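Visitor: Here's a structure for you.
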Amino acid sequence: MNLLKTLAAISSMTMLSRITGLLRDSLFARAFGASDYTDAFNIAFRLPNLLRRLFGEGAFSQAFVPILAEYKSQKGDAATRTLVDHVANTLVWATLATSVVGIIGAPIVLYVIASGLEGPAFDAGVVMTRLMFPYILCMSFVVLAGAVLNTWREFKIPAFTPVLWNLSSIFFSLFMVKYFDVPIYSMAVAVMVGGVLQVGIQIPALKRIGMLPRLSINPFAGLSDPGVRRILKKMGPAVFAVSAAQISLLINTNIASRLGAGSVSVLQYADRLMEFPTGMLGVALGTVLLPSLSKANADGDPAEYSALLDWGLRLTFLLALPAAVGLATLAEPLIATLFNYGAFNARAVTAATAPLMAYAAGLLGIILVKILAPAFYARQDIRTPVKIAVGVLIATQLMNLVFVPVLGVAGLALSIGLGACINASFLFTGLRRRAIYVPHAGWLAFFLKVVVAVALMGAVAWFSQAQLDWAALRAHPLLRAGALFLIIGASAAVYFAVLLALGFRPRHFMRRAK
């Protein structure tokens, strides 16, 4: 398998997802702005989204994929199919039970995670929490399907799937808002419709490879399977690791809810832009690497394991550093061009710009964690990332005590980013100390060349954006978008031209997985 080609395919699908996601957020900002009601929606969505990461993208995938790869490599299709059936049955019933509890206890849950939300906005948040809680049931199945498809090296459907949620939200924000007495409720319904659509697209793909799960009416049917018990045992520390990060996010949400109306929302808008490079590079690379690393571990091939990590880290520095500098230098133009319409005014632009710049400071760390953590998960070592995550949780909240009083909402974003950098540093140190990762030659020259190219790119971006008043161009949206497009294009051209002049060639990053 050509890893660079596969990464490009996944990244292109992820780009489509992120572009439609930005359109979704732009339409959301245009319709609702940044208010206590948008805070209520973002808070209501945060808990099921947190549990989705806990049951799906986080603890479950980290525990499931290495064991699934082991079954596929060593035990054959029949045993692997049985494992998938039993895992799916356990996961679906667990998330269904969690959804019921969440719907019943929505007022308590909402108060715990956002005590600063009050009055009608709190009541709206309770309604939307109940509407969206079953989203975790849909997404847990989607993540299971994605893990199976990725292990079979069918990457395109899982990468495309988030587009369907974005399209659902776009449709509801354009055409369905007027049918709701409380307009923001339309977006909660859109989340559930998007979840159902994402489940639907997985089914034909799973059928095609013969791995569509067969569910049982008995919720305990899969617990006797030794493979399921192994996964649950691995999930214990993984849940703790993911919980540490998500607890930090919930604490930050609670703090933001006390910083004034719209604070949660502007942090969310900045977070969406930060997720663009994170998804295109970090998530895509993690998706490609985890099955390949798991296979290398199952095959007992440490040289291949280390080489895969080296390839992933070089690509990360090559692409994440310019992305971080680009977000920092073009924060105001990006926020203004994407969101400064309708109810999203110039004040909201200023409010969202600061946290985006703060996120940019930690973007490299955020992406590196998505590359380095799978190096432990593929070896079925989840305890090490857990210990690190607990320390990062404490460090992040200590940084909040320092940064938030001075920087406000931006302080929360800065704490998250710097916490990710600390996390990445400890993960890297752990891999090196155990000789799991041995860097290939030429790293110093590689890094210095990238820094030179990034510095020149950043200078071009900063000087160019400073020539325009981006909020004042609200009356000329096409002109503003065109100017931003030209600046991004010129900056990227400078970056890659310098890299070419310094000897970089695409073939240097080609790699095939065994």
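Ordering of the structure tokens sets the chain letters (A, B, ...); residue numbers start at 1 within each chain; ligands are numbered from 1 in the order shown.
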Determine which residues of segment 397-492 of chain A DSSP labels as alpha helix (DSSP H) from the backbone of this structure, then write them out as number ranges by chain.
Guide: A: 397-407, 409-433, 443-465, 477-492
Visitor: Which polymer residues have any atom within 9 Å of an atom of segment 17-20 of chain A, counting only C-alpha atoms, with same-chain residues fewer than 3 positions away left out, as a ChimeraX atom specification?
Guide: /A:12-14,23-25,159-164,166-167,170,272-273,275-277,279-280
Visitor: Write out as a PyMOL selection string which residues come within 9 Å of Ile43 of chain A when counting only C-alpha atoms, dropping same-chain ones fewer than 5 positions away.
Guide: chain A and resi 38+110+113-114+125+129+253+257+264-265
Visitor: I'd like the contact shell of segment 187-198 of chain A - 8 Å cut-off, only C-alpha atoms, skipping same-chain residues fewer than 5 positions apart - returned as a compact mmCIF listing (two decimals) with N, CA and C atoms, in the first residue's frame.
Guide:
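As a result, result-v5.txt now contains:
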# COMPACT_ATOMS: atom_id res chain seq x y z
N PHE A 41 -26.61 25.61 22.45
CA PHE A 41 -26.48 24.54 21.45
C PHE A 41 -25.11 23.87 21.56
N PHE A 45 -24.47 20.02 22.63
CA PHE A 45 -23.84 19.08 21.71
C PHE A 45 -22.54 18.52 22.28
N MET A 128 -32.30 20.56 23.74
CA MET A 128 -31.36 20.14 22.70
C MET A 128 -30.48 18.99 23.16
N LEU A 131 -32.56 16.01 22.56
CA LEU A 131 -32.68 15.71 21.14
C LEU A 131 -31.43 15.05 20.58
N MET A 132 -30.27 15.46 21.09
CA MET A 132 -29.01 15.02 20.48
C MET A 132 -28.32 13.86 21.18
N PRO A 134 -29.05 10.69 21.59
CA PRO A 134 -28.94 9.43 20.83
C PRO A 134 -27.91 9.48 19.70
N TYR A 135 -27.34 10.65 19.45
CA TYR A 135 -26.29 10.76 18.44
C TYR A 135 -25.13 9.81 18.74
N CYS A 138 -25.65 6.37 17.12
CA CYS A 138 -25.31 6.36 15.69
C CYS A 138 -23.81 6.38 15.48
N MET A 139 -23.13 7.28 16.19
CA MET A 139 -21.72 7.48 15.93
C MET A 139 -20.85 6.34 16.44
N VAL A 142 -20.87 4.01 13.67
CA VAL A 142 -20.06 4.57 12.57
C VAL A 142 -18.57 4.37 12.85
N THR A 161 -17.61 10.09 5.45
CA THR A 161 -18.82 10.04 6.27
C THR A 161 -19.20 11.35 6.96
N PRO A 162 -18.25 12.10 7.57
CA PRO A 162 -18.64 13.34 8.25
C PRO A 162 -19.29 14.38 7.33
N LEU A 164 -21.73 13.99 5.49
CA LEU A 164 -23.19 13.85 5.53
C LEU A 164 -23.80 14.64 6.68
N TRP A 165 -23.11 14.67 7.80
CA TRP A 165 -23.60 15.50 8.92
C TRP A 165 -23.55 16.97 8.53
N ASN A 166 -22.47 17.38 7.89
CA ASN A 166 -22.36 18.78 7.47
C ASN A 166 -23.48 19.15 6.50
N LEU A 167 -23.76 18.26 5.55
CA LEU A 167 -24.81 18.53 4.57
C LEU A 167 -26.18 18.62 5.24
N SER A 168 -26.40 17.76 6.23
CA SER A 168 -27.65 17.82 6.98
C SER A 168 -27.80 19.16 7.68
N SER A 169 -26.73 19.63 8.33
CA SER A 169 -26.77 20.91 9.04
C SER A 169 -26.96 22.08 8.08
N PHE A 172 -30.65 22.11 6.97
CA PHE A 172 -31.55 22.60 8.01
C PHE A 172 -31.37 24.09 8.26
N SER A 173 -30.12 24.58 8.20
CA SER A 173 -29.90 26.01 8.46
C SER A 173 -30.45 26.89 7.34
Visitor: What's around segment 487-489 of chain A at 8 Å? Count only C-alpha atoms, leave out sequence neighbours fewer than 2 positions away in its own chain, and write the answer as a PDB file with N, CA, C and O atoms, in the first residue's frame.
Guide:
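Generated file (out09.pdb):
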ATOM      1  N   ALA A 461       2.590  36.263   4.619  1.00  0.00           N
ATOM      2  CA  ALA A 461       1.195  36.243   5.073  1.00  0.00           C
ATOM      3  C   ALA A 461       0.902  37.427   5.988  1.00  0.00           C
ATOM      4  O   ALA A 461      -0.128  38.100   5.853  1.00  0.00           O
ATOM      5  N   SER A 464       0.913  40.828   4.046  1.00  0.00           N
ATOM      6  CA  SER A 464      -0.207  40.941   3.102  1.00  0.00           C
ATOM      7  C   SER A 464      -1.524  41.199   3.819  1.00  0.00           C
ATOM      8  O   SER A 464      -2.306  42.074   3.424  1.00  0.00           O
ATOM      9  N   GLN A 465      -1.793  40.465   4.904  1.00  0.00           N
ATOM     10  CA  GLN A 465      -3.078  40.626   5.586  1.00  0.00           C
ATOM     11  C   GLN A 465      -3.184  41.974   6.287  1.00  0.00           C
ATOM     12  O   GLN A 465      -4.273  42.510   6.471  1.00  0.00           O
ATOM     13  N   ALA A 483      -9.350  38.202  -1.805  1.00  0.00           N
ATOM     14  CA  ALA A 483      -8.096  38.679  -1.219  1.00  0.00           C
ATOM     15  C   ALA A 483      -7.477  37.609  -0.317  1.00  0.00           C
ATOM     16  O   ALA A 483      -6.260  37.366  -0.363  1.00  0.00           O
ATOM     17  N   LEU A 484      -8.319  36.962   0.504  1.00  0.00           N
ATOM     18  CA  LEU A 484      -7.814  35.911   1.380  1.00  0.00           C
ATOM     19  C   LEU A 484      -7.256  34.743   0.567  1.00  0.00           C
ATOM     20  O   LEU A 484      -6.185  34.198   0.880  1.00  0.00           O
ATOM     21  N   PHE A 485      -7.975  34.371  -0.483  1.00  0.00           N
ATOM     22  CA  PHE A 485      -7.530  33.267  -1.344  1.00  0.00           C
ATOM     23  C   PHE A 485      -6.162  33.581  -1.962  1.00  0.00           C
ATOM     24  O   PHE A 485      -5.270  32.726  -2.011  1.00  0.00           O
ATOM     25  N   SER A 491       1.279  32.717  -0.095  1.00  0.00           N
ATOM     26  CA  SER A 491       2.046  32.205   1.040  1.00  0.00           C
ATOM     27  C   SER A 491       2.447  30.750   0.804  1.00  0.00           C
ATOM     28  O   SER A 491       3.602  30.357   1.061  1.00  0.00           O
ATOM     29  N   ALA A 492       1.504  29.932   0.330  1.00  0.00           N
ATOM     30  CA  ALA A 492       1.804  28.529   0.052  1.00  0.00           C
ATOM     31  C   ALA A 492       2.849  28.403  -1.056  1.00  0.00           C
ATOM     32  O   ALA A 492       3.759  27.555  -0.983  1.00  0.00           O
ATOM     33  N   ALA A 493       2.730  29.255  -2.081  1.00  0.00           N
ATOM     34  CA  ALA A 493       3.701  29.218  -3.183  1.00  0.00           C
ATOM     35  C   ALA A 493       5.107  29.537  -2.678  1.00  0.00           C
ATOM     36  O   ALA A 493       6.086  28.883  -3.072  1.00  0.00           O
TER      37      ALA A 493
END
Visitor: Quick one: residues within 7 Å of segment 401-418 of chain A, only C-alpha atoms counted, chain neighbours fewer than 5 positions away excluded, as a list in words?
Guide: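 So the residues in contact are Asn252, Ala256, Ser263, Leu267, Ala354, Pro355, Ala358, Tyr359, Ala361, Gly362, Leu363, Gly365, Ile366 and Thr396 of chain A.
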Visitor: Under the rule that only C-alpha atoms are counted, which of A:Thr82, A:Ser99, A:Thr316, A:Asn340 is the nearest residue to Thr278 of chain A?
Guide: A:Thr316
Visitor: Between A:Gly76, A:Val288, A:Ser140, A:Ala375, which has the minimum distance to Arg434 of chain A (counting only C-alpha atoms)?
Guide: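 For Arg434 of chain A, the nearest of the candidates is A:Ala375.
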Visitor: Between atom CA of Asp381 of chain A and atom CA of Thr151 of chain A, what is the distance, to one decimal in Å?
Guide: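 We find that atom CA of Asp381 of chain A and atom CA of Thr151 of chain A lie 18.7 Å from each other.
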